[in-house]
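Below: model.cif (mmCIF, C-alpha atoms and all ligand atoms)
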```
data_work
loop_
_atom_site.label_atom_id
_atom_site.label_comp_id
_atom_site.auth_asym_id
_atom_site.auth_seq_id
_atom_site.Cartn_x
_atom_site.Cartn_y
_atom_site.Cartn_z
CA MET W 1 0.00 0.00 0.00
CA VAL W 2 1.11 3.56 -0.69
CA ASP W 3 3.15 5.39 1.98
CA VAL W 4 2.14 8.92 3.00
CA ALA W 5 4.43 11.87 3.71
CA VAL W 6 3.96 15.36 5.06
CA ILE W 7 5.64 17.64 2.50
CA GLY W 8 4.66 21.06 3.86
CA ALA W 9 3.24 22.64 7.01
CA GLY W 10 2.51 26.13 8.26
CA GLN W 11 0.41 28.07 10.73
CA THR W 12 -0.49 31.51 12.00
CA LYS W 13 0.68 32.64 15.39
CA PHE W 14 -1.84 31.45 17.98
CA GLY W 15 -3.33 34.25 20.13
CA ASN W 16 -5.56 37.27 19.57
CA HIS W 17 -5.95 37.96 15.86
CA ALA W 18 -7.31 41.01 14.08
CA LEU W 19 -7.67 38.73 11.03
CA GLY W 20 -10.93 36.85 10.45
CA LEU W 21 -11.34 33.25 9.27
CA LYS W 22 -10.39 33.90 5.62
CA GLY W 23 -7.33 35.97 6.52
CA MET W 24 -6.03 33.47 9.08
CA TRP W 25 -6.56 30.54 6.68
CA ALA W 26 -4.78 32.37 3.86
CA GLU W 27 -1.77 33.15 6.09
CA SER W 28 -1.50 29.63 7.44
CA THR W 29 -1.91 27.94 4.05
CA GLU W 30 0.52 30.29 2.29
CA ASN W 31 3.08 29.45 5.01
CA ALA W 32 2.49 25.74 4.35
CA PHE W 33 2.87 26.12 0.56
CA ALA W 34 6.03 28.20 1.08
CA SER W 35 7.57 25.46 3.25
CA ILE W 36 7.65 23.08 0.25
CA ASP W 37 10.98 23.16 -1.58
CA GLY W 38 10.53 24.82 -5.00
CA ASP W 39 7.32 26.18 -6.46
CA PHE W 40 4.09 24.52 -5.41
CA ASP W 41 0.93 25.09 -7.40
CA PRO W 42 -2.20 24.91 -5.17
CA SER W 43 -4.19 23.55 -8.12
CA MET W 44 -2.24 20.28 -7.62
CA VAL W 45 -4.23 19.62 -4.41
CA ASP W 46 -6.82 16.85 -4.93
CA GLU W 47 -8.89 17.21 -1.76
CA ALA W 48 -9.07 19.12 1.53
CA PHE W 49 -10.29 18.42 5.08
CA ILE W 50 -10.57 21.33 7.55
CA GLY W 51 -11.22 20.90 11.27
CA SER W 52 -13.29 23.50 13.10
CA ILE W 53 -15.92 23.66 15.82
CA ALA W 54 -17.22 26.89 14.25
CA PHE W 55 -16.79 28.57 17.66
CA GLY W 56 -19.12 31.54 18.01
CA GLY W 57 -21.16 30.37 15.04
CA GLY W 58 -19.08 32.51 12.65
CA GLN W 59 -19.37 30.13 9.68
CA ILE W 60 -20.96 26.80 10.52
CA GLY W 61 -22.14 25.71 7.06
CA ASN W 62 -19.75 25.15 4.12
CA THR W 63 -16.74 26.45 6.09
CA ALA W 64 -14.23 24.45 4.03
CA ALA W 65 -15.51 25.76 0.70
CA LEU W 66 -15.37 29.34 1.99
CA LEU W 67 -11.73 28.91 2.99
CA THR W 68 -10.29 26.89 0.11
CA GLU W 69 -11.65 29.27 -2.56
CA HIS W 70 -9.31 31.91 -1.12
CA THR W 71 -6.20 29.76 -1.42
CA GLY W 72 -6.24 28.56 -5.02
CA MET W 73 -7.76 25.13 -4.37
CA ASP W 74 -10.70 25.49 -6.72
CA ASN W 75 -13.43 22.95 -7.47
CA ILE W 76 -11.98 20.08 -5.41
CA PRO W 77 -13.89 18.00 -2.83
CA VAL W 78 -13.68 19.77 0.55
CA ARG W 79 -15.44 19.42 3.89
CA ARG W 80 -15.38 20.60 7.52
CA VAL W 81 -14.46 17.94 10.09
CA GLU W 82 -15.81 18.33 13.63
CA ASN W 83 -14.67 16.32 16.66
CA ALA W 84 -14.42 19.10 19.27
CA CYS W 85 -10.78 19.95 20.11
CA ALA W 86 -9.65 16.91 18.07
CA SER W 87 -11.24 18.23 14.85
CA SER W 88 -8.04 18.73 12.87
CA GLY W 89 -6.33 15.60 14.23
CA PHE W 90 -9.21 13.76 12.60
CA ALA W 91 -9.02 15.98 9.48
CA PHE W 92 -5.40 14.83 9.17
CA ARG W 93 -6.42 11.18 9.60
CA ASP W 94 -9.11 11.60 6.90
CA ALA W 95 -6.51 13.13 4.57
CA TRP W 96 -4.13 10.23 5.26
CA MET W 97 -6.91 7.73 4.51
CA ALA W 98 -7.81 9.51 1.24
CA ILE W 99 -4.24 8.94 0.03
CA LYS W 100 -4.00 5.40 1.45
CA SER W 101 -7.20 4.47 -0.41
CA GLY W 102 -5.67 5.56 -3.71
CA GLN W 103 -8.32 8.23 -4.32
CA ALA W 104 -5.95 11.19 -3.99
CA ASP W 105 -2.24 12.00 -4.31
CA ILE W 106 -1.99 15.41 -2.65
CA VAL W 107 -4.37 16.37 0.18
CA VAL W 108 -4.58 19.36 2.52
CA ALA W 109 -5.52 18.90 6.19
CA GLY W 110 -5.97 21.94 8.37
CA GLY W 111 -7.84 23.56 11.19
CA ILE W 112 -9.11 26.96 12.22
CA GLU W 113 -10.88 28.72 15.11
CA LYS W 114 -11.73 32.30 16.01
CA MET W 115 -12.41 32.40 19.76
CA ASN W 116 -11.62 35.88 20.98
CA ASP W 117 -14.30 38.05 19.40
CA LEU W 118 -16.97 36.99 21.93
CA THR W 119 -17.95 38.17 25.41
CA PRO W 120 -16.78 35.92 28.31
CA GLU W 121 -20.37 34.61 28.68
CA ARG W 122 -20.64 33.62 25.00
CA LYS W 123 -17.16 32.05 25.18
CA ARG W 124 -18.32 29.88 28.09
CA PHE W 125 -21.35 28.77 26.07
CA TRP W 126 -19.25 27.78 23.03
CA LEU W 127 -16.60 26.06 25.16
CA GLY W 128 -19.38 23.97 26.69
CA VAL W 129 -20.98 22.65 23.50
CA SER W 130 -18.58 19.69 23.28
CA GLY W 131 -19.60 18.26 26.67
CA ASP W 132 -22.63 15.99 27.14
CA THR W 133 -25.47 18.51 26.87
CA GLU W 134 -28.05 16.46 28.78
CA TRP W 135 -25.90 15.28 31.70
CA GLU W 136 -23.01 17.75 31.94
CA ARG W 137 -23.44 21.08 30.16
CA LEU W 138 -26.97 21.88 31.33
CA ALA W 139 -26.02 20.83 34.87
CA GLY W 140 -23.32 23.54 34.83
CA LEU W 141 -20.20 21.41 34.36
CA THR W 142 -17.49 23.32 32.42
CA PHE W 143 -14.31 21.85 30.91
CA PRO W 144 -12.10 23.24 33.69
CA GLY W 145 -14.60 21.58 36.07
CA THR W 146 -14.45 18.27 34.18
CA TYR W 147 -10.66 18.13 34.28
CA ALA W 148 -10.68 19.25 37.93
CA LEU W 149 -12.71 16.10 38.73
CA MET W 150 -10.10 13.99 36.93
CA ALA W 151 -7.28 15.70 38.83
CA ARG W 152 -8.94 15.18 42.24
CA ARG W 153 -9.52 11.51 41.44
CA HIS W 154 -5.90 11.04 40.27
CA PHE W 155 -4.65 12.64 43.50
CA HIS W 156 -6.93 10.30 45.48
CA GLU W 157 -6.06 7.07 43.63
CA TYR W 158 -2.33 7.55 43.03
CA GLY W 159 -1.09 10.18 45.48
CA SER W 160 -0.16 12.72 42.82
CA VAL W 161 -0.29 16.33 44.06
CA HIS W 162 -0.95 19.79 42.64
CA ASP W 163 2.78 20.59 42.54
CA ASP W 164 3.14 17.84 39.90
CA LEU W 165 0.78 19.85 37.73
CA VAL W 166 2.76 23.01 38.52
CA ASN W 167 5.88 21.28 37.15
CA ILE W 168 4.07 20.59 33.87
CA SER W 169 2.94 24.21 33.61
CA VAL W 170 6.44 25.59 34.27
CA LYS W 171 7.97 23.19 31.70
CA ASN W 172 5.48 24.09 28.97
CA HIS W 173 5.82 27.83 29.56
CA MET W 174 9.60 27.39 29.41
CA HIS W 175 9.33 25.42 26.13
CA GLY W 176 7.01 28.04 24.58
CA LEU W 177 9.10 31.04 25.55
CA ASP W 178 11.10 31.17 22.29
CA ASN W 179 8.29 29.88 20.05
CA GLU W 180 7.35 32.74 17.72
CA PHE W 181 3.94 31.10 17.12
CA ALA W 182 3.01 30.75 20.82
CA HIS W 183 0.14 32.65 22.46
CA ILE W 184 1.53 33.08 26.00
CA ARG W 185 5.28 33.64 25.99
CA LYS W 186 5.99 34.23 29.67
CA ASP W 187 8.75 32.93 31.88
CA VAL W 188 6.61 31.37 34.62
CA SER W 189 8.42 30.46 37.85
CA PHE W 190 7.35 27.55 40.06
CA GLU W 191 6.12 30.02 42.72
CA LYS W 192 4.10 32.01 40.19
CA ALA W 193 2.49 28.88 38.74
CA GLN W 194 1.65 27.76 42.30
CA SER W 195 -0.18 30.97 43.04
CA GLY W 196 -2.43 31.52 40.02
CA PHE W 197 -6.06 32.41 40.76
CA MET W 198 -8.42 29.46 41.23
CA VAL W 199 -10.41 28.45 38.14
CA ALA W 200 -11.87 25.06 39.19
CA ASP W 201 -10.39 23.57 42.35
CA PRO W 202 -7.60 22.30 42.19
CA LEU W 203 -6.90 23.85 38.76
CA THR W 204 -5.65 27.46 38.69
CA LEU W 205 -4.93 29.87 35.83
CA TYR W 206 -1.56 28.18 35.22
CA ASP W 207 -3.19 24.76 34.84
CA CYS W 208 -5.45 25.99 31.99
CA CYS W 209 -4.83 26.57 28.31
CA PRO W 210 -5.84 30.03 27.08
CA THR W 211 -8.56 30.75 24.51
CA SER W 212 -6.79 31.44 21.21
CA ASP W 213 -7.46 32.36 17.59
CA GLY W 214 -5.43 30.59 14.93
CA ALA W 215 -5.14 28.39 11.86
CA SER W 216 -2.80 25.59 10.81
CA THR W 217 -2.30 23.76 7.49
CA VAL W 218 -0.50 20.53 6.59
CA ILE W 219 0.09 19.12 3.08
CA LEU W 220 0.22 15.36 2.65
CA ALA W 221 1.38 13.46 -0.46
CA ALA W 222 1.61 9.89 -1.71
CA ASP W 223 5.18 8.52 -1.76
CA HIS W 224 5.67 8.69 -5.55
CA VAL W 225 4.57 12.36 -5.60
CA ALA W 226 6.32 13.34 -2.37
CA LYS W 227 9.71 12.24 -3.68
CA LYS W 228 9.30 14.55 -6.71
CA LEU W 229 8.24 17.56 -4.65
CA THR W 230 10.70 17.49 -1.75
CA ASP W 231 14.06 16.08 -0.69
CA ASP W 232 13.00 16.25 2.94
CA PRO W 233 9.66 14.46 3.51
CA VAL W 234 8.40 13.57 6.99
CA TRP W 235 6.75 10.14 6.85
CA VAL W 236 3.48 9.22 8.55
CA LEU W 237 4.37 5.92 10.21
CA GLY W 238 1.08 5.31 12.02
CA SER W 239 -2.41 6.76 12.42
CA GLY W 240 -4.62 5.63 15.30
CA ALA W 241 -7.95 6.86 16.61
CA GLY W 242 -10.43 5.98 19.32
CA SER W 243 -13.58 7.16 21.06
CA ASP W 244 -15.30 6.79 24.45
CA HIS W 245 -18.48 7.68 26.35
CA LEU W 246 -19.07 11.43 26.16
CA ALA W 247 -20.24 11.81 29.78
CA LEU W 248 -17.64 11.14 32.49
CA HIS W 249 -20.06 9.18 34.67
CA ASP W 250 -20.42 6.48 31.98
CA ARG W 251 -16.69 5.67 31.99
CA PRO W 252 -15.27 2.92 34.22
CA SER W 253 -12.37 5.22 35.18
CA ILE W 254 -11.81 8.97 34.94
CA THR W 255 -8.06 8.81 35.56
CA GLN W 256 -7.30 7.39 32.12
CA LEU W 257 -8.57 7.97 28.58
CA ILE W 258 -9.51 4.75 26.79
CA ALA W 259 -9.70 6.69 23.49
CA THR W 260 -6.04 7.69 23.87
CA GLN W 261 -4.95 4.17 24.77
CA ARG W 262 -6.71 2.67 21.73
CA ALA W 263 -5.41 5.34 19.36
CA ALA W 264 -1.84 4.97 20.65
CA THR W 265 -1.83 1.17 20.47
CA SER W 266 -2.99 1.28 16.87
CA ALA W 267 -0.48 4.00 15.84
CA TYR W 268 2.46 2.23 17.55
CA ASP W 269 1.50 -1.12 15.97
CA GLN W 270 1.37 0.37 12.48
CA ALA W 271 4.73 2.07 13.01
CA GLY W 272 6.23 -1.10 14.54
CA ILE W 273 7.52 0.83 17.57
CA THR W 274 6.79 1.41 21.26
CA ALA W 275 6.64 4.55 23.39
CA ASN W 276 10.37 4.06 24.13
CA ASP W 277 11.19 4.94 20.51
CA ILE W 278 9.55 8.38 20.58
CA ASP W 279 11.98 11.34 20.76
CA LEU W 280 9.37 14.08 21.08
CA ALA W 281 5.63 14.22 21.61
CA GLU W 282 3.11 17.02 21.20
CA VAL W 283 0.41 15.94 23.69
CA HIS W 284 -2.99 17.47 24.37
CA ASP W 285 -2.46 19.48 27.58
CA CYS W 286 -5.70 21.51 27.55
CA PHE W 287 -5.23 21.32 31.33
CA THR W 288 -2.03 20.20 33.07
CA ILE W 289 -3.78 17.09 34.43
CA ALA W 290 -4.50 16.11 30.80
CA GLU W 291 -0.75 16.00 30.10
CA LEU W 292 -0.11 14.01 33.28
CA MET W 293 -2.71 11.41 32.24
CA ALA W 294 -1.45 11.40 28.63
CA THR W 295 2.09 10.48 29.74
CA GLU W 296 0.54 7.34 31.27
CA ASP W 297 -1.96 6.55 28.48
CA LEU W 298 0.71 6.95 25.78
CA GLY W 299 3.13 4.68 27.68
CA PHE W 300 5.82 7.21 28.68
CA ALA W 301 5.08 6.59 32.37
CA ASN W 302 3.60 3.59 34.19
CA ARG W 303 -0.05 3.74 35.31
CA GLY W 304 -0.34 6.07 38.29
CA GLU W 305 3.21 7.43 37.87
CA GLY W 306 2.49 10.46 35.68
CA GLY W 307 2.96 12.66 38.75
CA ILE W 308 6.41 11.21 39.46
CA PHE W 309 7.31 11.62 35.76
CA ALA W 310 6.41 15.33 35.96
CA ARG W 311 8.10 15.80 39.37
CA GLU W 312 11.36 14.41 38.01
CA GLY W 313 11.21 16.74 34.99
CA ARG W 314 11.41 13.81 32.58
CA GLY W 315 9.51 15.61 29.76
CA ARG W 316 11.82 18.64 29.68
CA ARG W 317 13.53 19.41 26.38
CA ASN W 318 16.64 17.28 25.92
CA GLU W 319 16.69 16.17 29.59
CA GLY W 320 14.92 12.82 29.46
CA GLN W 321 14.26 10.07 26.95
CA VAL W 322 11.35 12.00 25.43
CA THR W 323 10.62 15.72 25.18
CA ILE W 324 6.96 16.43 25.91
CA ASN W 325 5.41 19.48 24.24
CA PRO W 326 8.51 21.19 22.81
CA SER W 327 6.21 23.84 21.25
CA GLY W 328 4.92 24.88 24.70
CA GLY W 329 1.82 22.74 24.23
CA LEU W 330 -1.71 24.05 24.50
CA LYS W 331 -0.71 25.67 27.81
CA SER W 332 1.74 28.14 26.26
CA LYS W 333 1.41 27.82 22.48
CA GLY W 334 -2.37 28.15 22.83
CA HIS W 335 -5.51 26.22 21.95
CA PRO W 336 -7.58 27.48 19.01
CA LEU W 337 -9.72 24.31 19.27
CA GLY W 338 -10.08 23.23 15.61
CA ALA W 339 -6.55 24.35 14.70
CA THR W 340 -4.73 22.52 17.51
CA GLY W 341 -4.35 19.01 15.99
CA THR W 342 -2.71 20.10 12.74
CA GLY W 343 -0.83 22.78 14.73
CA GLN W 344 0.83 19.94 16.66
CA ILE W 345 1.82 18.36 13.31
CA VAL W 346 3.34 21.67 12.12
CA GLU W 347 5.63 21.60 15.19
CA VAL W 348 6.61 17.97 14.70
CA PHE W 349 7.27 18.52 10.95
CA LYS W 350 9.63 21.40 11.73
CA GLN W 351 11.33 19.62 14.64
CA LEU W 352 12.03 16.51 12.54
CA ARG W 353 13.44 18.69 9.72
CA GLY W 354 15.55 20.72 12.17
CA GLU W 355 13.74 23.95 11.29
CA VAL W 356 12.67 25.41 14.66
CA GLU W 357 14.60 28.10 16.56
CA ALA W 358 17.97 26.62 17.67
CA SER W 359 17.07 27.15 21.35
CA ARG W 360 13.94 24.97 20.92
CA GLN W 361 15.40 22.16 18.80
CA VAL W 362 15.10 18.65 20.24
CA ARG W 363 18.43 16.85 19.73
CA ASP W 364 18.54 13.80 17.44
CA ALA W 365 14.83 14.09 16.64
CA ASN W 366 13.97 11.12 14.43
CA THR W 367 10.60 9.83 15.62
CA ALA W 368 7.71 11.94 16.92
CA LEU W 369 4.12 11.62 18.10
CA THR W 370 1.06 13.87 18.14
CA HIS W 371 -1.90 13.33 20.49
CA ASN W 372 -5.12 15.30 19.95
CA VAL W 373 -8.11 14.89 22.29
CA GLY W 374 -11.72 16.00 21.78
CA GLY W 375 -13.28 17.58 24.89
CA SER W 376 -12.81 15.39 27.95
CA GLY W 377 -11.69 12.36 25.91
CA ALA W 378 -14.68 11.20 23.86
CA THR W 379 -12.47 11.31 20.75
CA CYS W 380 -8.74 11.04 20.23
CA SER W 381 -6.27 10.70 17.36
CA VAL W 382 -2.61 9.73 17.69
CA HIS W 383 -0.09 9.97 14.85
CA VAL W 384 3.49 8.76 14.65
CA PHE W 385 5.98 10.44 12.30
CA GLY W 386 9.52 9.59 11.25
CA ARG W 387 12.42 10.97 9.26
CA ASP W 388 12.76 7.55 7.66
CA LEU W 389 10.31 4.95 6.43
CA LYS W 390 10.63 1.89 8.66
C1 LIG S 1 -8.17 30.19 32.37
C2 LIG S 1 -9.19 31.18 31.84
C3 LIG S 1 -10.51 31.04 32.62
C4 LIG S 1 -8.61 32.60 32.05
O1 LIG S 1 -9.51 33.48 31.46
P1 LIG S 1 -9.60 35.01 31.94
O2 LIG S 1 -9.69 35.08 33.42
O3 LIG S 1 -10.70 35.63 31.12
O4 LIG S 1 -8.20 35.58 31.53
P2 LIG S 1 -7.90 36.94 30.78
O5 LIG S 1 -8.10 36.70 29.31
O6 LIG S 1 -8.68 38.05 31.43
O7 LIG S 1 -6.36 37.15 31.05
C5 LIG S 1 -5.85 37.56 32.31
C6 LIG S 1 -4.34 37.45 32.27
O8 LIG S 1 -3.96 36.07 32.35
C7 LIG S 1 -3.28 35.69 31.15
N1 LIG S 1 -3.85 34.41 30.79
C8 LIG S 1 -5.10 34.19 30.29
N2 LIG S 1 -5.30 32.86 30.18
C9 LIG S 1 -4.16 32.28 30.60
C10 LIG S 1 -3.76 30.95 30.73
N3 LIG S 1 -4.60 29.96 30.41
N4 LIG S 1 -2.52 30.67 31.24
C11 LIG S 1 -1.67 31.68 31.58
N5 LIG S 1 -2.00 32.97 31.49
C12 LIG S 1 -3.24 33.26 31.00
C13 LIG S 1 -3.56 36.75 30.12
O9 LIG S 1 -2.47 36.88 29.20
C14 LIG S 1 -3.69 37.97 30.99
O10 LIG S 1 -2.40 38.43 31.36
P3 LIG S 1 -2.07 39.99 31.39
O11 LIG S 1 -2.99 40.54 32.46
O12 LIG S 1 -0.61 40.02 31.74
O13 LIG S 1 -2.39 40.47 30.02
C15 LIG S 1 -9.45 30.95 30.32
O14 LIG S 1 -8.24 31.10 29.62
C16 LIG S 1 -10.06 29.58 30.04
O15 LIG S 1 -11.28 29.39 30.14
N6 LIG S 1 -9.24 28.59 29.63
C17 LIG S 1 -9.72 27.25 29.32
C18 LIG S 1 -10.19 27.16 27.88
C19 LIG S 1 -10.87 25.82 27.61
O16 LIG S 1 -11.65 25.32 28.40
N7 LIG S 1 -10.60 25.24 26.43
C20 LIG S 1 -11.16 23.95 26.05
C21 LIG S 1 -10.38 22.86 26.69
S1 LIG S 1 -11.17 21.28 26.59
#
```
Kindly present the structure from the file in structure tokens form.
Ligand SMILES: CC(C)(COP(=O)(O)OP(=O)(O)OC[C@H]1O[C@@H](n2cnc3c(N)ncnc32)[C@H](O)[C@@H]1OP(=O)(O)O)[C@@H](O)C(=O)NCCC(=O)NCCS
Amino acid sequence: MVDVAVIGAGQTKFGNHALGLKGMWAESTENAFASIDGDFDPSMVDEAFIGSIAFGGGQIGNTAALLTEHTGMDNIPVRRVENACASSGFAFRDAWMAIKSGQADIVVAGGIEKMNDLTPERKRFWLGVSGDTEWERLAGLTFPGTYALMARRHFHEYGSVHDDLVNISVKNHMHGLDNEFAHIRKDVSFEKAQSGFMVADPLTLYDCCPTSDGASTVILAADHVAKKLTDDPVWVLGSGAGSDHLALHDRPSITQLIATQRAATSAYDQAGITANDIDLAEVHDCFTIAELMATEDLGFANRGEGGIFAREGRGRRNEGQVTINPSGGLKSKGHPLGATGTGQIVEVFKQLRGEVEASRQVRDANTALTHNVGGSGATCSVHVFGRDLK
């Protein structure tokens, strides 16, 4: 079966944008086209998948057609993909499958969200739409509240403590400091991260991702085309996905995400590797407890030992076996919901090609992983990438 490569990737800065949807998409996609060696003609693209929740209701219908017409991809099949915060991770998987099936040779996967042109009350409404409406949202449970329940339970079952989460926050702010695309570029000390204002007990400001605007675009190609268009492809070695009950109370455990475990197992199996082979991972740290649980679910730490992993600083850039969230993660780089999944792939593409700022480069980066979660874990995609085909 055909192998699939990423041949180009680009994004806007994540943060507060004056640009609207069309402007952000144009900037991100032009950056992706420009990252391909030589001239790339957008009319070569066969199909496009764009992840978005349509936050704020800006453009819910026909979003993908609205965007692609502004970037030279005329008359091709396009569609919006929605899986909450995992929308563009799944857009990428759909693009990969379109090439694997033999239906397309060059496919665009991307994501976009405009979150900051709403009042705080409207933001809270739109952040809530991806929870279980009947059992969670209408009862007043927010996403900070959902992840706070997970954190409390993890503390109770495994003895992890809030300072473990503080370590994750400090690490991700440190990683994002030199990232020109990051939303919150602040040097956050341990003491400062310990004393943020309470959002949902035990999670404080420094445990939460910010609300960000942004867009990200990735260009995938079949092996025979990729080799003609670039000398430096990044290969997709595995694509896994999973799902779970939407409401927390239906899950047998709230200290692990079954969707992540299933997605990771499938991606590792396809790639023929284990967690020990991963040099860097962009994981979905919408809240610091989400990163702690992901280190366990992805196999970097044993069950219940995510707190110890964080305490020992094992995810810090170039200090342990794996660097976790070299971009700064959602915590520092930002979280424009629909744009986050392909934004993670932009980071991994650049890291594997040695194209990030020297201060941020992960040493000997050969194999990388992205982990994109929808809401509290009802959907998840995991992708494994390599410099070489195995
Ligand atoms: C944490 C949160 C409540 C803070 O919102 P807020 O109180 O309105 O914050 P503001 O926008 O007023 O910003 C206040 C300050 O904190 C900073 N800030 C905002 N969010 C931040 C965050 N998450 N981490 C660190 N600093 C943050 C701002 O830059 C600002 O700093 P300044 O005063 O130096 O400019 C909000 O970011 C949030 O809801 N995050 C979670 C989003 C979410 O649920 N996403 C879906 C995940 S599933």
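For ligand LIG 1 (chain S), the neighbouring protein, DNA and RNA residues, which are those within 6 Å when all atoms listed in the file are counted, are Leu127, Phe143, Pro144, Leu205, Tyr206, Cys208, Cys209, Pro210, Thr211, Cys286 and Gly375 of chain W.
For the choices W:Gly56, W:Pro42, W:Gly306, W:Gly315, the atom-to-atom distance to Leu118 of chain W is smallest for W:Gly56 when using only C-alpha atoms.
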Atom CA of Met24 of chain W and atom CA of His335 of chain W, how far apart in Å?
-> 14.8 Å
Between atom CA of Met44 of chain W and atom CA of Arg93 of chain W, measure the distance and give it in Å to one decimal.
-> 19.9 Å
Could you pull the residues within 8 Å of Ala148 of chain W, counting only C-alpha atoms, minus those fewer than 3 positions along the same chain, as a PyMOL selection string?
-> chain W and resi 144-145+151-152+200-203
Shortest interatomic distance to Ala54 of chain W - which of W:Asp39, W:Glu82, W:Glu30, W:Glu357, counting only C-alpha atoms =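 Checking each candidate against Ala54 of chain W, we get W:Glu82 as the closest.
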Which of these, W:Trp235, W:Phe190, W:Phe300, W:Phe181, has the shortest distance to Gly15 of chain W once you count all atoms listed in the file?
->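 So, comparing all the options, the nearest one is W:Phe181.
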Residue nearest Leu67 of chain W among W:Ile112, W:Ile106, W:Ala91, W:Val170 (counting all atoms listed in the file) |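 Of all the options, W:Ile112 lies closest to Leu67 of chain W.
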Have a look at W:Met97, W:Ala109, W:Leu138, W:Val129 and name the one nearest to Gly8 of chain W; count all atoms listed in the file.
-> W:Ala109
Neighbour list for Ala215 of chain W as a list in words, cut-off 7 Å, all atoms listed in the file, skip fewer than 3 positions in-chain = Gln11, Thr12, Met24, Trp25, Ser28, Gly111, Ile112, Glu113 and Ala339 of chain W
Contact residues around segment 271-279 of chain W with only C-alpha atoms at 12 Å, ignoring same-chain residues under 4 positions, as a ChimeraX atom specification | /W:3,235-240,261,264-267,294-302,315-326,348,351-352,361-370,382-390
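Take atom CA of Asn372 of chain W and atom CA of Asp207 of chain W: the distance between them is 17.7 Å.
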Nearest-residue call for Thr379 of chain W, choices W:Gly176, W:Gly328, W:Gly214, W:Gly89, using only C-alpha atoms = W:Gly89
Which polymer residues, protein or nucleic acid, are no farther than 12 Å from (-5.1, 14.6, 44.8), counting all atoms listed in the file, as a list in words?
->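 With a cut-off of 12 Å, the residues come to Ala148, Leu149, Met150, Ala151, Arg152, Arg153, His154, Phe155, His156, Glu157, Tyr158, Gly159, Ser160, Val161, His162, Asp163, Asp164, Leu165, Asp201, Pro202, Leu203, Thr255, Ile289, Gly304 and Gly307 of chain W.
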